[in-house]
>>> print(open('data.csv').read())   # CSV, C-alpha atoms
chain,number,residue,atom,x,y,z
G,1,MET,CA,4.2,2.1,-9.3
G,2,PHE,CA,3.2,0.4,-12.5
G,3,TRP,CA,-0.5,-0.4,-13.0
G,4,GLY,CA,-2.1,-3.3,-14.9
G,5,ASP,CA,-5.7,-4.3,-15.2
G,6,ARG,CA,-5.7,-6.5,-12.2
G,7,ILE,CA,-2.4,-6.0,-10.5
G,8,ASN,CA,0.2,-3.4,-9.8
G,9,LEU,CA,4.0,-3.6,-9.4
G,10,ARG,CA,5.4,-1.4,-6.7
G,11,GLN,CA,8.9,-1.1,-5.3
G,12,GLN,CA,9.8,-3.9,-3.1
G,13,LYS,CA,10.4,-2.9,0.5
G,14,LYS,CA,12.4,-4.4,3.3
G,15,GLU,CA,9.1,-4.9,5.2
G,16,ASP,CA,8.0,-7.3,2.5
G,17,ALA,CA,10.7,-9.8,3.5
G,18,GLU,CA,8.5,-11.5,6.0
G,19,LEU,CA,5.8,-12.3,3.6
G,20,ILE,CA,8.2,-13.2,0.8
G,21,ALA,CA,9.8,-15.7,3.2
G,22,LYS,CA,6.4,-17.1,4.0
G,23,TYR,CA,5.4,-17.5,0.4
G,24,GLN,CA,8.8,-19.1,-0.4
G,25,GLN,CA,8.0,-21.9,2.0
G,26,ASP,CA,5.1,-22.9,-0.2
G,27,ALA,CA,5.8,-26.3,-1.9
G,28,ASP,CA,4.9,-25.0,-5.3
G,29,VAL,CA,7.3,-22.1,-5.1
G,30,MET,CA,10.1,-24.3,-3.6
G,31,GLU,CA,9.8,-26.8,-6.4
G,32,ASN,CA,9.8,-24.4,-9.3
G,33,TYR,CA,11.6,-21.2,-8.1
G,34,PHE,CA,14.8,-22.3,-6.5
G,35,MET,CA,17.8,-23.7,-8.3
G,36,SER,CA,19.3,-24.4,-5.0
G,37,TYR,CA,18.1,-26.5,-2.1
G,38,SER,CA,14.5,-27.2,-1.2
G,39,ILE,CA,15.0,-25.2,1.9
G,40,PRO,CA,13.5,-21.7,1.7
G,41,PRO,CA,15.5,-18.7,2.7
G,42,ILE,CA,14.7,-17.1,6.1
G,43,LYS,CA,13.6,-13.5,6.3
G,44,GLU,CA,17.1,-12.3,7.2
G,45,PHE,CA,18.5,-13.6,3.9
G,46,ILE,CA,15.8,-11.7,2.0
G,47,GLU,CA,16.5,-8.5,3.9
G,48,ARG,CA,20.2,-8.9,3.1
G,49,TRP,CA,19.5,-9.3,-0.6
G,50,TYR,CA,17.3,-6.2,-0.3
G,51,ASP,CA,20.1,-4.2,1.3
G,52,HIS,CA,22.6,-5.3,-1.3
G,53,THR,CA,20.3,-4.5,-4.2
G,54,ALA,CA,19.1,-1.2,-2.8
G,55,MET,CA,22.5,0.1,-1.7
G,56,ASP,CA,24.4,-0.9,-4.8
G,57,LYS,CA,21.6,-0.1,-7.2
G,58,GLU,CA,22.4,-3.4,-8.9
G,59,GLY,CA,18.9,-4.2,-10.0
G,60,TYR,CA,15.2,-3.9,-9.4
G,61,GLY,CA,12.8,-5.7,-7.1
G,62,PHE,CA,9.1,-5.4,-7.4
G,63,ALA,CA,6.2,-6.5,-5.2
G,64,ILE,CA,3.2,-7.8,-7.2
G,65,GLU,CA,0.0,-6.5,-5.6
G,66,ASN,CA,-3.7,-7.0,-6.4
G,67,LYS,CA,-5.9,-4.0,-6.7
G,68,GLN,CA,-6.7,-4.1,-3.0
G,69,GLY,CA,-3.0,-3.8,-2.2
G,70,GLU,CA,-2.5,-7.4,-1.1
G,71,PHE,CA,1.0,-8.7,-1.8
G,72,ILE,CA,0.6,-11.8,-4.0
G,73,GLY,CA,4.1,-12.3,-5.4
G,74,SER,CA,7.4,-10.8,-6.4
G,75,CYS,CA,9.7,-10.3,-9.4
G,76,HIS,CA,13.2,-9.0,-9.7
G,77,THR,CA,16.2,-8.6,-11.9
G,78,MET,CA,19.6,-10.4,-11.5
G,79,GLY,CA,22.8,-9.6,-13.3
G,80,LEU,CA,21.6,-6.4,-14.8
G,81,ASN,CA,24.1,-5.4,-17.5
G,82,LEU,CA,23.6,-1.9,-18.9
G,83,ARG,CA,26.5,-2.2,-21.3
G,84,ASN,CA,24.9,-5.1,-23.1
G,85,GLY,CA,21.4,-4.1,-22.4
G,86,THR,CA,20.5,-7.4,-20.8
G,87,THR,CA,19.3,-8.8,-17.5
G,88,TYR,CA,18.1,-12.1,-16.0
G,89,ILE,CA,14.8,-12.0,-14.2
G,90,ALA,CA,12.8,-14.2,-11.8
G,91,ILE,CA,9.2,-14.1,-10.8
G,92,PHE,CA,6.9,-16.0,-8.5
G,93,ILE,CA,3.2,-15.8,-7.5
G,94,GLY,CA,3.3,-16.8,-3.8
G,95,HIS,CA,-0.4,-16.5,-3.0
G,96,PRO,CA,-1.9,-19.9,-4.1
G,97,GLU,CA,-5.3,-18.4,-5.0
G,98,TYR,CA,-3.7,-16.2,-7.7
G,99,ARG,CA,-1.9,-19.0,-9.6
G,100,SER,CA,-2.9,-20.2,-13.1
G,101,LYS,CA,-5.2,-17.2,-13.6
G,102,GLY,CA,-3.0,-15.0,-15.7
G,103,TYR,CA,-1.7,-12.8,-12.9
G,104,GLY,CA,1.9,-14.0,-13.5
G,105,THR,CA,1.6,-13.1,-17.2
G,106,GLU,CA,0.2,-9.7,-16.5
G,107,ALA,CA,3.0,-9.1,-14.0
G,108,MET,CA,5.6,-10.3,-16.5
G,109,LYS,CA,4.3,-7.9,-19.2
G,110,LEU,CA,4.4,-5.0,-16.8
G,111,LEU,CA,8.0,-5.9,-15.8
G,112,LEU,CA,9.1,-6.3,-19.4
G,113,ASN,CA,7.5,-3.0,-20.3
G,114,PHE,CA,9.4,-1.3,-17.5
G,115,LEU,CA,12.7,-3.0,-18.4
G,116,PHE,CA,12.5,-2.4,-22.1
G,117,ASN,CA,10.8,1.0,-22.2
G,118,GLU,CA,12.0,2.7,-19.0
G,119,VAL,CA,15.3,1.2,-18.2
G,120,GLY,CA,16.2,0.8,-21.9
G,121,LEU,CA,17.2,-2.8,-22.0
G,122,ARG,CA,17.0,-4.7,-25.2
G,123,LYS,CA,17.0,-8.4,-24.1
G,124,VAL,CA,15.6,-10.0,-21.0
G,125,LYS,CA,16.6,-13.5,-20.1
G,126,LEU,CA,15.4,-16.2,-17.7
G,127,ASN,CA,15.8,-19.8,-16.8
G,128,VAL,CA,13.0,-22.2,-16.2
G,129,PHE,CA,13.0,-25.8,-15.2
G,130,SER,CA,11.7,-28.2,-17.9
G,131,PHE,CA,9.0,-29.6,-15.6
G,132,ASN,CA,7.5,-26.2,-14.8
G,133,LYS,CA,5.0,-26.3,-17.7
G,134,ARG,CA,2.8,-23.6,-16.2
G,135,ALA,CA,5.6,-21.1,-16.1
G,136,ILE,CA,6.8,-21.9,-19.6
G,137,ARG,CA,3.3,-21.2,-20.9
G,138,CYS,CA,3.3,-17.9,-19.0
G,139,TYR,CA,6.7,-16.9,-20.4
G,140,GLU,CA,5.7,-17.8,-24.0
G,141,LYS,CA,2.5,-15.7,-23.7
G,142,SER,CA,4.6,-12.8,-22.4
G,143,GLY,CA,6.8,-13.0,-25.5
G,144,PHE,CA,9.7,-15.2,-24.4
G,145,LYS,CA,11.3,-17.6,-26.8
G,146,LEU,CA,13.5,-20.6,-26.2
G,147,GLU,CA,17.2,-19.9,-26.8
G,148,GLY,CA,18.4,-23.3,-25.9
G,149,ILE,CA,18.3,-26.2,-23.4
G,150,ASN,CA,20.8,-26.8,-20.7
G,151,LYS,CA,20.7,-30.6,-20.4
G,152,LYS,CA,20.6,-32.3,-17.0
G,153,GLU,CA,21.1,-29.1,-15.1
G,154,ILE,CA,18.8,-29.3,-12.1
G,155,TYR,CA,18.9,-32.1,-9.5
G,156,ARG,CA,15.5,-32.7,-8.0
G,157,TYR,CA,13.6,-35.8,-6.8
G,158,GLY,CA,16.7,-37.9,-7.3
G,159,GLU,CA,17.3,-37.2,-10.9
G,160,TYR,CA,18.6,-34.5,-13.2
G,161,HIS,CA,16.2,-32.3,-15.2
G,162,ASP,CA,16.8,-29.9,-18.1
G,163,ASN,CA,16.8,-26.1,-17.8
G,164,TYR,CA,15.3,-23.9,-20.5
G,165,ALA,CA,17.1,-20.7,-21.4
G,166,MET,CA,14.5,-18.2,-22.7
G,167,ALA,CA,14.8,-14.7,-23.8
G,168,ALA,CA,12.5,-11.8,-24.8
G,169,ILE,CA,13.6,-9.1,-27.2
G,170,ARG,CA,12.5,-5.4,-26.9
G,171,ASP,CA,11.6,-5.0,-30.6
G,172,ASP,CA,9.4,-8.1,-30.6
G,173,PHE,CA,7.8,-7.1,-27.3
G,174,ASN,CA,7.0,-3.6,-28.5
G,175,ARG,CA,5.6,-4.9,-31.8
G,176,GLY,CA,3.3,-7.3,-30.0
G,177,VAL,CA,2.3,-5.3,-27.0
G,178,ALA,CA,1.0,-1.8,-27.5
G,179,HIS,CA,-0.6,-1.5,-24.1
G,180,VAL,CA,-0.2,-3.5,-21.0
U,1,MET,CA,51.0,-29.4,-9.8
U,2,TYR,CA,49.3,-30.3,-13.0
U,3,LYS,CA,52.0,-30.5,-15.7
U,4,GLY,CA,51.8,-31.1,-19.4
U,5,ASN,CA,54.3,-31.0,-22.2
U,6,LEU,CA,53.9,-27.2,-22.8
U,7,VAL,CA,52.4,-25.7,-19.7
U,8,HIS,CA,51.6,-26.4,-16.1
U,9,LEU,CA,49.0,-25.0,-13.7
U,10,ARG,CA,49.8,-23.6,-10.4
U,11,HIS,CA,48.0,-21.4,-7.7
U,12,GLN,CA,48.0,-17.7,-8.3
U,13,SER,CA,50.2,-15.7,-6.0
U,14,ILE,CA,50.2,-12.0,-5.3
U,15,ALA,CA,53.3,-11.7,-7.4
U,16,ASP,CA,51.3,-12.7,-10.5
U,17,ILE,CA,48.7,-9.9,-10.1
U,18,SER,CA,50.7,-7.3,-12.0
U,19,LYS,CA,51.0,-9.6,-15.0
U,20,LEU,CA,47.3,-10.5,-14.9
U,21,ALA,CA,46.3,-6.8,-14.8
U,22,GLU,CA,48.4,-6.3,-17.9
U,23,PHE,CA,46.7,-9.2,-19.7
U,24,MET,CA,43.2,-8.0,-18.7
U,25,SER,CA,43.9,-4.5,-20.1
U,26,THR,CA,44.8,-5.7,-23.6
U,27,PRO,CA,42.3,-5.0,-26.5
U,28,ARG,CA,42.0,-8.8,-27.0
U,29,TYR,CA,40.9,-9.5,-23.5
U,30,ILE,CA,38.5,-6.6,-23.4
U,31,GLU,CA,36.8,-7.5,-26.7
U,32,THR,CA,36.4,-11.1,-25.7
U,33,HIS,CA,35.0,-10.4,-22.2
U,34,SER,CA,32.1,-8.2,-23.0
U,35,TYR,CA,30.1,-9.2,-20.0
U,36,GLU,CA,32.5,-7.0,-18.1
U,37,ASP,CA,32.7,-3.2,-18.5
U,38,PRO,CA,35.2,-2.1,-21.2
U,39,ARG,CA,37.8,-0.6,-18.9
U,40,PHE,CA,41.4,-1.1,-18.0
U,41,THR,CA,42.2,-3.4,-15.0
U,42,TYR,CA,44.4,-1.9,-12.4
U,43,LYS,CA,46.9,-4.0,-10.4
U,44,GLU,CA,45.6,-2.4,-7.1
U,45,SER,CA,42.0,-3.5,-7.6
U,46,LEU,CA,43.1,-7.1,-8.5
U,47,GLU,CA,45.4,-7.2,-5.4
U,48,LYS,CA,42.5,-6.1,-3.3
U,49,LYS,CA,40.3,-8.9,-4.7
U,50,TYR,CA,43.1,-11.4,-4.2
U,51,LYS,CA,43.5,-10.4,-0.5
U,52,GLU,CA,39.7,-10.6,0.0
U,53,ARG,CA,39.7,-14.1,-1.6
U,54,MET,CA,42.5,-15.2,0.7
U,55,GLU,CA,40.6,-13.9,3.7
U,56,LYS,CA,37.4,-15.6,2.6
U,57,HIS,CA,39.0,-18.9,1.8
U,58,ASP,CA,36.1,-19.9,-0.4
U,59,HIS,CA,36.4,-23.5,-1.7
U,60,ASN,CA,33.9,-22.8,-4.4
U,61,GLU,CA,36.5,-20.8,-6.2
U,62,LEU,CA,39.9,-21.7,-7.5
U,63,HIS,CA,42.3,-19.4,-9.4
U,64,LEU,CA,45.3,-20.8,-11.2
U,65,ILE,CA,48.1,-19.5,-13.4
U,66,ILE,CA,48.9,-21.0,-16.8
U,67,GLU,CA,52.7,-21.0,-17.0
U,68,THR,CA,54.9,-22.4,-19.7
U,69,ASN,CA,57.4,-25.1,-18.6
U,70,ASP,CA,60.1,-22.5,-18.9
U,71,ASN,CA,58.2,-20.5,-16.3
U,72,ARG,CA,56.6,-17.8,-18.4
U,73,VAL,CA,53.1,-16.7,-17.2
U,74,ILE,CA,50.8,-16.7,-20.2
U,75,GLY,CA,47.3,-16.8,-18.8
U,76,ALA,CA,44.9,-17.8,-16.1
U,77,ILE,CA,42.3,-20.5,-15.6
U,78,GLY,CA,40.0,-21.4,-12.7
U,79,ILE,CA,36.7,-22.0,-11.1
U,80,ASN,CA,34.3,-19.1,-10.8
U,81,GLY,CA,31.6,-21.1,-9.0
U,82,ASN,CA,30.7,-24.6,-7.9
U,83,PHE,CA,27.1,-25.7,-7.3
U,84,TRP,CA,27.4,-29.1,-5.8
U,85,LYS,CA,23.7,-29.8,-5.4
U,86,ASN,CA,23.2,-29.7,-9.2
U,87,GLY,CA,26.8,-30.8,-9.9
U,88,LEU,CA,27.7,-27.8,-11.9
U,89,THR,CA,31.1,-26.1,-12.1
U,90,TRP,CA,31.6,-22.8,-13.9
U,91,ILE,CA,35.1,-22.2,-15.1
U,92,TYR,CA,37.0,-19.5,-17.0
U,93,ALA,CA,40.2,-19.5,-19.0
U,94,TYR,CA,42.2,-17.0,-21.0
U,95,ILE,CA,45.6,-16.8,-22.6
U,96,GLY,CA,46.8,-13.2,-22.0
U,97,ASP,CA,50.1,-13.4,-23.9
U,98,LYS,CA,49.1,-13.3,-27.6
U,99,ASP,CA,52.2,-15.1,-28.7
U,100,TYR,CA,50.8,-18.2,-27.0
U,101,LEU,CA,47.3,-18.2,-28.5
U,102,GLU,CA,48.4,-20.8,-31.0
U,103,GLY,CA,50.6,-23.8,-30.6
U,104,GLY,CA,48.5,-25.9,-28.3
U,105,TYR,CA,49.0,-24.0,-25.1
U,106,TYR,CA,45.4,-23.1,-24.6
U,107,GLU,CA,44.3,-26.6,-25.4
U,108,GLU,CA,46.8,-28.2,-23.0
U,109,ALA,CA,45.9,-25.8,-20.1
U,110,MET,CA,42.2,-26.7,-20.6
U,111,ALA,CA,43.1,-30.5,-20.7
U,112,LEU,CA,44.9,-30.2,-17.4
U,113,MET,CA,42.1,-28.3,-15.9
U,114,LEU,CA,39.5,-30.9,-16.9
U,115,GLU,CA,41.7,-33.7,-15.7
U,116,PHE,CA,41.8,-32.0,-12.3
U,117,LEU,CA,38.0,-31.2,-12.3
U,118,PHE,CA,36.8,-34.6,-13.3
U,119,LEU,CA,39.4,-37.0,-11.9
U,120,GLU,CA,40.2,-35.1,-8.7
U,121,GLY,CA,37.4,-32.6,-8.1
U,122,ASN,CA,34.6,-35.1,-9.0
U,123,ALA,CA,32.8,-32.5,-11.2
U,124,ARG,CA,29.7,-33.7,-13.1
U,125,LYS,CA,29.1,-31.0,-15.6
U,126,VAL,CA,31.6,-28.2,-16.4
U,127,LYS,CA,30.5,-25.0,-18.0
U,128,ILE,CA,32.3,-22.1,-19.8
U,129,ILE,CA,31.1,-19.1,-21.7
U,130,ALA,CA,32.7,-18.2,-25.0
U,131,GLN,CA,32.0,-15.2,-27.2
U,132,SER,CA,31.6,-15.9,-30.9
U,133,ASN,CA,34.4,-13.4,-31.7
U,134,ASP,CA,36.9,-15.5,-29.8
U,135,PRO,CA,37.8,-18.4,-32.2
U,136,TYR,CA,40.9,-19.3,-30.2
U,137,ALA,CA,38.9,-20.0,-27.1
U,138,MET,CA,36.1,-21.8,-28.8
U,139,ALA,CA,38.6,-24.0,-30.7
U,140,ALA,CA,40.5,-24.8,-27.5
U,141,TYR,CA,37.3,-25.8,-25.7
U,142,LYS,CA,36.0,-27.9,-28.6
U,143,ALA,CA,39.3,-29.7,-28.8
U,144,GLN,CA,38.8,-30.8,-25.2
U,145,GLY,CA,35.3,-32.1,-25.8
U,146,PHE,CA,33.1,-29.0,-24.9
U,147,THR,CA,29.9,-28.7,-27.0
U,148,THR,CA,27.6,-25.6,-27.3
U,149,GLU,CA,24.4,-26.1,-25.4
U,150,VAL,CA,22.9,-22.7,-25.7
U,151,VAL,CA,23.7,-19.9,-28.1
U,152,PHE,CA,22.6,-16.6,-26.6
U,153,LYS,CA,21.8,-14.5,-29.6
U,154,GLU,CA,23.2,-11.0,-29.9
U,155,ASP,CA,24.0,-11.1,-26.3
U,156,VAL,CA,27.0,-8.7,-25.8
U,157,LEU,CA,28.2,-5.5,-27.3
U,158,CYS,CA,31.5,-5.5,-29.1
U,159,HIS,CA,32.8,-2.8,-31.5
U,160,GLY,CA,29.3,-1.4,-31.8
U,161,LYS,CA,27.6,-4.7,-32.7
U,162,TYR,CA,25.8,-7.3,-30.7
U,163,ILE,CA,27.4,-10.7,-30.9
U,164,ASP,CA,26.4,-14.2,-29.7
U,165,THR,CA,27.8,-15.9,-26.7
U,166,HIS,CA,28.0,-19.7,-26.4
U,167,ASP,CA,27.2,-21.6,-23.2
U,168,MET,CA,29.6,-24.6,-23.7
U,169,VAL,CA,29.6,-27.7,-21.5
U,170,ILE,CA,31.2,-31.0,-21.0
U,171,PHE,CA,29.9,-33.9,-18.9
U,172,LYS,CA,32.0,-36.2,-16.8
U,173,ASP,CA,30.7,-39.4,-18.5
U,174,ASP,CA,31.8,-38.0,-21.9
U,175,TYR,CA,35.1,-36.9,-20.6
U,176,ILE,CA,35.9,-40.2,-19.0
U,177,LYS,CA,35.1,-42.1,-22.2
U,178,THR,CA,37.5,-39.9,-24.1
U,179,TYR,CA,40.1,-40.1,-21.4
U,180,GLN,CA,40.0,-43.8,-21.3
U,181,ASN,CA,40.2,-44.1,-25.1
U,182,ASN,CA,43.2,-41.9,-25.1
U,183,LYS,CA,45.1,-43.7,-22.4
>>> encode(input="data.csv", output="structure tokens")
Amino acid sequence: MFWGDRINLRQQKKEDAELIAKYQQDADVMENYFMSYSIPPIKEFIERWYDHTAMDKEGYGFAIENKQGEFIGSCHTMGLNLRNGTTYIAIFIGHPEYRSKGYGTEAMKLLLNFLFNEVGLRKVKLNVFSFNKRAIRCYEKSGFKLEGINKKEIYRYGEYHDNYAMAAIRDDFNRGVAHV
Amino acid sequence: MYKGNLVHLRHQSIADISKLAEFMSTPRYIETHSYEDPRFTYKESLEKKYKERMEKHDHNELHLIIETNDNRVIGAIGINGNFWKNGLTWIYAYIGDKDYLEGGYYEEAMALMLEFLFLEGNARKVKIIAQSNDPYAMAAYKAQGFTTEVVFKEDVLCHGKYIDTHDMVIFKDDYIKTYQNNK
């Protein structure tokens, strides 16, 4: 468990799949989270992902909880590469009342602190759609910088949109964030 | 079969696996594929993957052999993934026989692959990753119209130092213009 001021990160469990599936049916999450189709995964897909990650130890998945223990979102790694000290991550706040209030930024800082200072990674990467301004602000506040733009990468609403490739570096993070 | 002046592309067969394992265990392959663990590749593990692929019959992947026109296997090229919603195709290519790194073999193999992807496969945007310590690959891709979209700084470990990787892309519209001009 990793504690912040307003939220905690705890190990994601198989029992969370139902709530994750429910949150991922939210229009805001569907629009901004999935690179694939605007059809959210069913609970069984999420359980399968959990089994794969948990059994193969290929990454980390966290539930984001408020201080009352309510599940409000999720974050996880993808493509963890210990040789190169890198991983991709993804995060979403599924509970609508907790969006645009800094909870995502706090969760991101806890996640980065874990990945940099416990796992020992040196670079954390993510992709964000160019139209997702709220997430871009959150990532910048958490220490992510733009590495480049993949042009016309995402097809949504009948046209192609750019995808921003962003990265956070351990040394920068540790210089800027003494306590999270 | 896609055939050029120097090379042609054909499907991989189980008989090629031993040669590919040999290529993938060379220092050059290992130092230019730092996303993978630095280890030797065994024929048995590649054969297992090959059989699994045949069972799965996944049309999102395609694995071809680069063979000279005198039937010498010199490398491999193919599709790692295809995302038709967003029109993205991820490919890979390598020349395993170092005697064929120069002389236009790499370039021609890539030209044949792009012709297949854009004129037959209806790809929209083709993507490939190249490490900055692999000038042969970068030159071959640039020669066929690839441009760097994102430079991932100090992204992979090679000989004790972190080096950059390049996310290189080519769009169908750009490819077609060049193709028509060259016809």
>>> interface_residues(input="data.csv", of="chain U", to="chain G", cutoff="7 Å", atoms="all atoms listed in the file", output="VMD selection string")
chain U and resid 37 85 to 86 149 to 152 155 to 157
>>> residues_around(input="data.csv", residues="G:Lys43", least_positions_apart="6", cutoff="9 Å", atoms="all atoms listed in the file", output="list in words")
Ala17, Glu18, Leu19, Ile20, Ala21 and Lys22 of chain G
>>> atom_distance(input="data.csv", atom1="atom CA of G:Asp5", atom2="atom CA of G:Arg170")
21.7 Å
>>> atom_distance(input="data.csv", atom1="atom CA of G:Arg137", atom2="atom CA of G:Leu111")
16.8 Å
>>> residues_around(input="data.csv", residues="U:Glu61", least_positions_apart="2", cutoff="10 Å", atoms="all atoms listed in the file", output="list of chain:residue names")
U:Arg53, U:His57, U:Asp58, U:His59, U:His63, U:Gly78, U:Ile79, U:Asn80, U:Gly81, U:Asn82, U:Thr89, U:Trp90, U:Ile91
